[in-house]
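J.: What follows is a structure written as structure tokens; I'll ask about it next.
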Amino acid sequence: MRTRVEIPLRFPDGYSVLADAVTFVDLADGAEHVALLLGDPEATEVPLVRMHSECLTGDVFGSARCDCGPQLREAVERIAGVGGVLVYLRQEGRGIGLYNKLDAYALQDQGQDTYEANRSLGFPDDVRDYTAAAQILAALGFTQVDLLTNNPDKVTQLRDLGVAVRTTVPTGVFATETNLRYLNAKVEHTGHTIAVVTPVD
């Protein structure tokens with residue numbers, strides 16, 4: 001670990017909580033990932049963990065093209081309630097970067113889904129590798145976790161990297177008229193466990 005510092009978090013809906021932000025050295029990919037310790041993770045038998053990939057458009061600007069912002073907000077409160085860590089990974093656009101993600105949005109506007117657009121740009125469906133996340137959990141002393149996710153690839157990769165995933169805890173479904181196609185694509189292409197429903201006005 002490199003630095004540990006307390007940060008008071010406050011979300012647009014008024015929810016606030018204290019988090020310990022932890023930075024690291026010598027991570028496998030050299031990126032500046034950060035862990036937010038919430039609640040009292042050391043007091044719980046198995047911490048609740050969310051690996052959240054950075055999404056500037058959703059997390060910061062509130063874009064409704066995805067469900068990233070609502071998932072981040074939900075994860076912070078749920079983890080704080082039981083004790084655990086949110087691993088914030090600098091993997092914009094499933095690892096393809098911000099500009100390429102916006103290029104993919106332009107292709108989606110022409111009719112491609114999120115995965116087809118990635119392939120048109122020369123990328124796999126999902127570039128993300130969770131080796132650094134496993135290193136972060138090991139540095140924090142977490143060898144067994146409950147994983148807050150709908151993505152089976154996260155579970156598989158963590159287990160292959162030596163992290164015991166005791167159980168998978170599903171996130172909420174944040175469907176809107178503008179992200180419904182995106183959510184359905186995640187179910188169809190990568191087996192996300194999302195019960196997608198048509199949003200009601």
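Note on naming: chains are A, B, ... as they come in the structure tokens, residues start from 1 per chain, ligands start from 1 in the order shown.
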Determine which residues of chain A DSSP labels as helix (DSSP H, G or I) from the backbone of this structure, then write them out as a VMD selection string.
T.: chain A and resid 41 to 43 56 to 60 68 to 82 92 to 95 98 to 108 114 to 120 131 to 139 152 to 160 180 to 190
J.: Skip Gln71 of chain A itself and residues of its chain fewer than 2 positions away, then list as a list in words all residues within 9 Å of it, counting only C-alpha atoms.
T.: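 Answer for this query is His52, Asp59, Asp67, Cys68, Gly69, Arg73, Glu74, Ala75, Val76, Thr171, Gly172, Val173 and Phe174 of chain A.
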J.: Just the number, please: distance in Å from atom CA of Leu18 of chain A to atom CA of Phe142 of chain A, one decimal.
T.: 20.3 Å
J.: Do you know which residues are at most 8 Å from Val85 of chain A counting only C-alpha atoms, after dropping those on the same chain fewer than 5 positions away, and could you put them as a VMD selection string?
T.: chain A and resid 35 to 38 41 47 to 50 79
J.: How would the residues just chosen look if you wrote them out with all heavy atoms as a short mmCIF file (atom, residue, chain, number, x, y, z; two decimals), in the first residue's frame?
T.:
data_model
loop_
_atom_site.label_atom_id
_atom_site.label_comp_id
_atom_site.auth_asym_id
_atom_site.auth_seq_id
_atom_site.Cartn_x
_atom_site.Cartn_y
_atom_site.Cartn_z
N ALA A 35 -8.75 1.89 -3.86
CA ALA A 35 -9.72 1.13 -3.08
C ALA A 35 -10.37 2.07 -2.07
O ALA A 35 -9.69 2.87 -1.43
CB ALA A 35 -9.05 -0.03 -2.35
N LEU A 36 -11.69 1.99 -1.97
CA LEU A 36 -12.42 2.74 -0.96
C LEU A 36 -12.92 1.77 0.09
O LEU A 36 -13.78 0.92 -0.18
CB LEU A 36 -13.60 3.49 -1.59
CG LEU A 36 -13.27 4.57 -2.61
CD1 LEU A 36 -14.55 5.21 -3.14
CD2 LEU A 36 -12.35 5.64 -2.02
N LEU A 37 -12.35 1.86 1.29
CA LEU A 37 -12.80 1.03 2.40
C LEU A 37 -14.00 1.70 3.03
O LEU A 37 -13.94 2.87 3.43
CB LEU A 37 -11.68 0.86 3.43
CG LEU A 37 -10.41 0.17 2.92
CD1 LEU A 37 -9.36 0.15 4.00
CD2 LEU A 37 -10.71 -1.23 2.44
N LEU A 38 -15.09 0.95 3.14
CA LEU A 38 -16.36 1.50 3.62
C LEU A 38 -16.89 0.67 4.78
O LEU A 38 -16.74 -0.55 4.79
CB LEU A 38 -17.38 1.51 2.48
CG LEU A 38 -17.00 2.41 1.29
CD1 LEU A 38 -17.65 1.90 0.01
CD2 LEU A 38 -17.41 3.84 1.57
N PRO A 41 -14.71 -3.08 7.30
CA PRO A 41 -14.48 -4.36 6.62
C PRO A 41 -13.73 -5.38 7.45
O PRO A 41 -13.90 -6.59 7.26
CB PRO A 41 -13.67 -3.97 5.38
CG PRO A 41 -13.10 -2.64 5.68
CD PRO A 41 -14.07 -1.97 6.60
N PRO A 47 -15.78 -9.65 3.69
CA PRO A 47 -16.16 -8.32 3.24
C PRO A 47 -16.95 -8.36 1.93
O PRO A 47 -16.75 -9.25 1.10
CB PRO A 47 -14.83 -7.61 3.05
CG PRO A 47 -13.88 -8.73 2.72
CD PRO A 47 -14.34 -9.90 3.54
N LEU A 48 -17.83 -7.39 1.77
CA LEU A 48 -18.54 -7.22 0.51
C LEU A 48 -17.64 -6.36 -0.40
O LEU A 48 -17.18 -5.29 0.01
CB LEU A 48 -19.88 -6.54 0.73
CG LEU A 48 -20.75 -6.31 -0.52
CD1 LEU A 48 -21.12 -7.65 -1.18
CD2 LEU A 48 -22.02 -5.54 -0.15
N VAL A 49 -17.41 -6.83 -1.62
CA VAL A 49 -16.49 -6.17 -2.54
C VAL A 49 -17.20 -5.88 -3.85
O VAL A 49 -17.92 -6.72 -4.39
CB VAL A 49 -15.25 -7.06 -2.80
CG1 VAL A 49 -14.41 -6.49 -3.94
CG2 VAL A 49 -14.41 -7.18 -1.54
N ARG A 50 -16.97 -4.68 -4.36
CA ARG A 50 -17.42 -4.32 -5.70
C ARG A 50 -16.21 -3.90 -6.50
O ARG A 50 -15.44 -3.02 -6.08
CB ARG A 50 -18.42 -3.17 -5.62
CG ARG A 50 -18.70 -2.47 -6.96
CD ARG A 50 -19.64 -3.24 -7.82
NE ARG A 50 -19.90 -2.54 -9.09
CZ ARG A 50 -20.44 -3.11 -10.16
NH1 ARG A 50 -20.80 -4.38 -10.10
NH2 ARG A 50 -20.64 -2.44 -11.26
N ILE A 79 -22.08 -1.47 0.53
CA ILE A 79 -20.83 -1.90 1.15
C ILE A 79 -20.66 -1.23 2.50
O ILE A 79 -20.25 -1.87 3.48
CB ILE A 79 -19.64 -1.59 0.23
CG1 ILE A 79 -19.73 -2.44 -1.05
CG2 ILE A 79 -18.32 -1.86 0.94
CD1 ILE A 79 -18.75 -2.03 -2.13
#
J.: Between atom CA of Gln91 of chain A and atom CA of Ala64 of chain A, what is the distance, to one decimal in Å?
T.: 18.8 Å
